[in-house]
Amino acid sequence: MTIAETTTENPDETPIETSVTLTINGSPVTVDQGQTVLDACTSAGIDTPTLCYAENLTPVNACRVCVVEQEGSRTLVPSCSRKAEDGMEIQTDSPRVRHSRKMVLEFLGSGVDMSQAYQVHRWMDEYGADPGRYGPEAARIREDVKVQDDLYIRDYDKCILCYKCVEACGDDAQMTFAISASGRGFDARISTEFDVTLPDSACVYCGNCVGVCPTGAIQFKTEFDMRQADNWKPEEQTVTQTVCSYCGVGCNLELHVQDEKIVKVTSPADHSVTHGHLCIKGRFGWTYVQPTIERR
Amino acid sequence: MTDLHLTADRATDAEAAAIDAAIVECGLEPVIIDETDRLVRGGLHRANNARHGLLPALHALHNVSGWISHGGINYIAQTLGVPPAESFGVASFYEMFRMEDPGHTDDVVHVCVDGACQIAGADGVIVSLEASGTTVHRSPCLGQCERAPAQFVQGNQGRPDFVAADREPTVIPQQGDPTLRLLKRMGVTDPESLDDYVAYGGYSALAKAFSMGAEAVLDEVDSAGLKGRGGAAFPTAFKWRGVRGADGDKKWIVVNADESEPGTFKDRHLMELDPFSIVEAATIAGFATGAQKGFIYVRGEYPLATKRLQNAIDVARERGFLGDGIAGSSIGFELEIRRGAGAYICGEETALFESLEGFRGEPRQKPPFPTTHGLFKQPTAINNPETLVNVLGILNDGSEAYKQLGTPDSTGTRLFCLSGHVANPGLYEGPHGMTLGEAIEMAGGPTGELRAVLLGGAAGSFVGIDQMDLPLSFEGTRAAGASLGSGVVKLFNTETDFQAVVTRIAEFFRNESCGQCVPCRVGVVRQHELIIRTAGRSMNGERSLLDDMDAAMKDASICGLGHTASTAVRSAIDLGLIGA
């Protein structure tokens, strides 16, 4: 029996809507109630750029690169957080949409180092973003890389303030609340209290902030060191799925291996146990696999 | 195992005592949570716990120490359960909080550098104050444009904040004019006396509301055609009906008194000189919507308004006009004041909710709207003081009489904040639809040869001297591509350095963007850079770049700040004030 046939919670027997149908670029699309416009676009095979959105985090709709045009709305709407409604008429490729997406990418490119945000390069081409047109004097984020421990680094030159790390550290995953946005406007930064080092902060080194960062602003130290040595070669890496051996929860691990060495550990965002998030043991406790002292 | 990590810093006894007192005033218990308790909570619990005490606690800490000390943040974490990183993130959001130890215990003198104060010589004031060793903070508009250049002193070591100019009586240019509606009591009654307020018609509207019933109040406000006076011109009755009809046991009234649109000082006048009217009107709003509790969020730089409102609330409660069983009825309503801490963005309604809840003042994406998901995500009616005070006249005289003034689409009278190059700057009341020229004449006309008028504030636009017949109504200004905004009418004569004025407006938005969404966070910076880059020359191709930025900020920003950040700048170029 489907929910629509259930009458116990619906005494006046009006059918409960379980799906909604909206129009995207002129074609009808049907999705489950509660799904977003972005979900509808995805199910219709429309590629939508996103930066602050992740399937395992609550949408914060801050980056605005996923905006679409909704008939009747004065402004564009963020597809990542707007719930799909019956009768909505959505345009995903109108001049207004293309312009705002282009400007968002251009604005980010003019102030932030996007060199490691690989998916963004394709969108920049697609939307014709030209970050150079704000001139050489355009203000940029200029901060030294924070290398404070052996597990990860923070490079705020690459930070687009998508809030993903804050969410993963906070109530979307870890509940540690070691970092927060601080300051205001262009000078806002993700920071610990008083900018204390991570080892002095509440950080528990779960690495979930690294796992969700879209630009490499928070990075595994292994990856950072290999990039510094010009030895980071994702195309040569293999990914091996396994289950974490530390406790009985059953977290899935993806071991990224380059030159027969584990270089980083992730977890699939759609995994029912982890939702992509791990703890310090699963994330970093793999050195026993490859002892540094070779046995005879 | 505690899940709250603190640095080794500890609060001083004075800091702890001040924070405790502030927390108690919020109706919370200043109990140090045991280290073994779970302190950090997620999801809905984050808003439902004691977190709304954070901003008052930060104010108390800053007032006693002169900065947001590390020990103080740790103490707040232990009493309110707010993680230190989040308290730091919240505190660093606000202009009034210093995040580093200044190394001295002097008060901070905030000097306004916006618009009217800029042309009245604020820069010179800053130079001479600094020469005398005073700690100066260059502040955005302090809401005292009628007495520019404005200053506000932020106390240290427990000394209270004050505005020196508040010691002089405020001049109401139209005082005694029998046609006044909103300003009729100003300067006439003692703002601290409830008896005076009642003797001049006070609390008659509440009595009327109780005898009419809530639905009839809504009908009357609806029939009067009252629209919000903050800039968005949203129909008040529609908003109130939405809250009344919304599901939920708890509903809220929020008075948005975080007046910070540059050039605006109307709500400050209402709060300072007629505070009981706001208390009465908020009570009526509670009755009409079914809300039993309200907050008045007052701008942090308004110490006298805060004091007078607090007195009004205390006296009203003593005399049975607040609390349980108001004026012998079975209706209950409570009001509490919260102070902002210097952030233009917190005048945006959803940013204000975030701020009041103890989070960073970052606007929320709408929908959902405040009528269903407002303060604490519960149904909330949020109005500014001027809008609320209009309700008193509507109920006292009836909607028909109210509609006699103004135009069919812009009913009633309006408060106009005249400042800049004008003979008698100050707060004026006139009917909607009066022309711009008439409004300027009310204030004695311009000083010098008028060149342009900034209408509606920094989020408004410049209009030229050919617009003196422009009707000051919602529809009249809209048709001219302008906006009434918050009633700002700021005059600039031909002696004005418009490059400096417009650059300052661009800088204002650069400083006040919350930084949450990309179009606004970066767009306001690029706009400011462009205005500096093109100073003293023609815009040429840069104009289309500005238009590109404006289109994205208007279309893709989360809130009104980004939507309007280019309006004044572009109008200045269109008028040839700069970039010609």
# chains A, B, ... in the order shown; residues from 1 in each chain; ligands from 1

call {"tool": "interface_residues", "arguments": {"of": "chain A", "to": "chain B", "cutoff": "6 Å", "atoms": "only C-alpha atoms", "output": "list in words"}}
result
Ala62, Cys63, Thr75, Leu76, Ser100, Val104, Phe107, Asp171, Ala178, Ile179, Ser180, Ala181, Ser182, Gly183, Arg184, Gly185, Phe186, Thr192, Glu193 and Ala202 of chain A

call {"tool": "closest_atom_pairs", "arguments": {"of": "range 91-194 of chain A", "to": "range 19-26 of chain A", "cutoff": "10 Å", "atoms": "only C-alpha atoms", "output": "CSV"}}
result
residue,atom,partner,partner_atom,distance
A:Gln91,CA,A:Asn25,CA,4.9
A:Thr92,CA,A:Asn25,CA,6.6
A:Asp93,CA,A:Asn25,CA,7.8
A:Ser94,CA,A:Asn25,CA,8.9

call {"tool": "residues_around", "arguments": {"residues": "range 437-443 of chain B", "least_positions_apart": "4", "cutoff": "7 Å", "atoms": "only C-alpha atoms", "output": "ChimeraX atom specification"}}
result
/B:422-425,468-469

call {"tool": "atom_distance", "arguments": {"atom1": "CA of Ile296 in chain B", "atom2": "CA of Arg338 in chain B"}}
result
6.1 Å

call {"tool": "residues_around", "arguments": {"residues": "Cys244 in chain A", "least_positions_apart": "3", "cutoff": "8 Å", "atoms": "only C-alpha atoms", "output": "list in words"}}
result
Cys247, Gly250, Cys251, Asn252, Leu253 and Gly282 of chain A

call {"tool": "closest_residue", "arguments": {"among": "B:Gly398, B:Gly294, B:Gly81, B:Pro408", "to": "Glu29 in chain B", "atoms": "only C-alpha atoms"}}
result
B:Gly81

call {"tool": "select_by_dssp", "arguments": {"residues": "range 311-371 of chain B", "states": "strand (DSSP E)", "output": "list in words"}}
result
Glu334, Leu335, Glu336, Ile337, Arg338 and Arg339 of chain B

call {"tool": "select_by_dssp", "arguments": {"residues": "range 128-171 of chain A", "states": "alpha helix (DSSP H)", "output": "VMD selection string"}}
result
chain A and resid 164 to 169

call {"tool": "write_last_selection", "arguments": {"atoms": "N, CA and C atoms", "output": "mmCIF file, in the first residue's frame"}}
result
data_model
loop_
_atom_site.group_PDB
_atom_site.id
_atom_site.type_symbol
_atom_site.label_atom_id
_atom_site.label_comp_id
_atom_site.auth_asym_id
_atom_site.auth_seq_id
_atom_site.Cartn_x
_atom_site.Cartn_y
_atom_site.Cartn_z
ATOM 1 N N LYS A 164 30.887 24.601 3.590
ATOM 2 C CA LYS A 164 30.757 23.143 3.676
ATOM 3 C C LYS A 164 31.540 22.589 4.865
ATOM 4 N N CYS A 165 32.773 23.103 5.064
ATOM 5 C CA CYS A 165 33.596 22.594 6.178
ATOM 6 C C CYS A 165 32.934 22.906 7.512
ATOM 7 N N VAL A 166 32.325 24.104 7.601
ATOM 8 C CA VAL A 166 31.671 24.499 8.849
ATOM 9 C C VAL A 166 30.503 23.552 9.136
ATOM 10 N N GLU A 167 29.773 23.246 8.087
ATOM 11 C CA GLU A 167 28.628 22.343 8.257
ATOM 12 C C GLU A 167 29.071 20.934 8.637
ATOM 13 N N ALA A 168 30.140 20.467 7.977
ATOM 14 C CA ALA A 168 30.611 19.108 8.267
ATOM 15 C C ALA A 168 31.188 19.023 9.670
ATOM 16 N N CYS A 169 31.830 20.099 10.111
ATOM 17 C CA CYS A 169 32.387 20.133 11.470
ATOM 18 C C CYS A 169 31.261 20.286 12.489
#

call {"tool": "closest_residue", "arguments": {"among": "B:Pro149, B:Pro262, B:Gly225, B:Gly121", "to": "Gln404 in chain B", "atoms": "only C-alpha atoms"}}
result
B:Gly225

call {"tool": "residues_around", "arguments": {"residues": "Tyr200 in chain B", "least_positions_apart": "3", "cutoff": "10 Å", "atoms": "only C-alpha atoms", "output": "MDAnalysis selection string"}}
result
chainID B and resid 184:185 188:189 194:197 203:204

call {"tool": "residues_around", "arguments": {"residues": "range 109-118 of chain B", "least_positions_apart": "3", "cutoff": "7 Å", "atoms": "only C-alpha atoms", "output": "count of residues only"}}
result
25

call {"tool": "residues_around", "arguments": {"residues": "range 220-237 of chain A", "least_positions_apart": "6", "cutoff": "7 Å", "atoms": "only C-alpha atoms", "output": "PyMOL selection string"}}
result
chain A and resi 150-153+210+256-258+263

call {"tool": "closest_residue", "arguments": {"among": "B:Asp267, B:Glu15, B:Glu272, B:Asp222", "to": "Lys403 in chain B", "atoms": "only C-alpha atoms"}}
result
B:Asp222

call {"tool": "atom_distance", "arguments": {"atom1": "CA of Leu455 in chain B", "atom2": "CA of Leu388 in chain B"}}
result
22.4 Å

call {"tool": "closest_residue", "arguments": {"among": "B:Asp324, B:Glu386, B:Asp9, B:Glu349", "to": "Ala282 in chain B", "atoms": "only C-alpha atoms"}}
result
B:Glu386
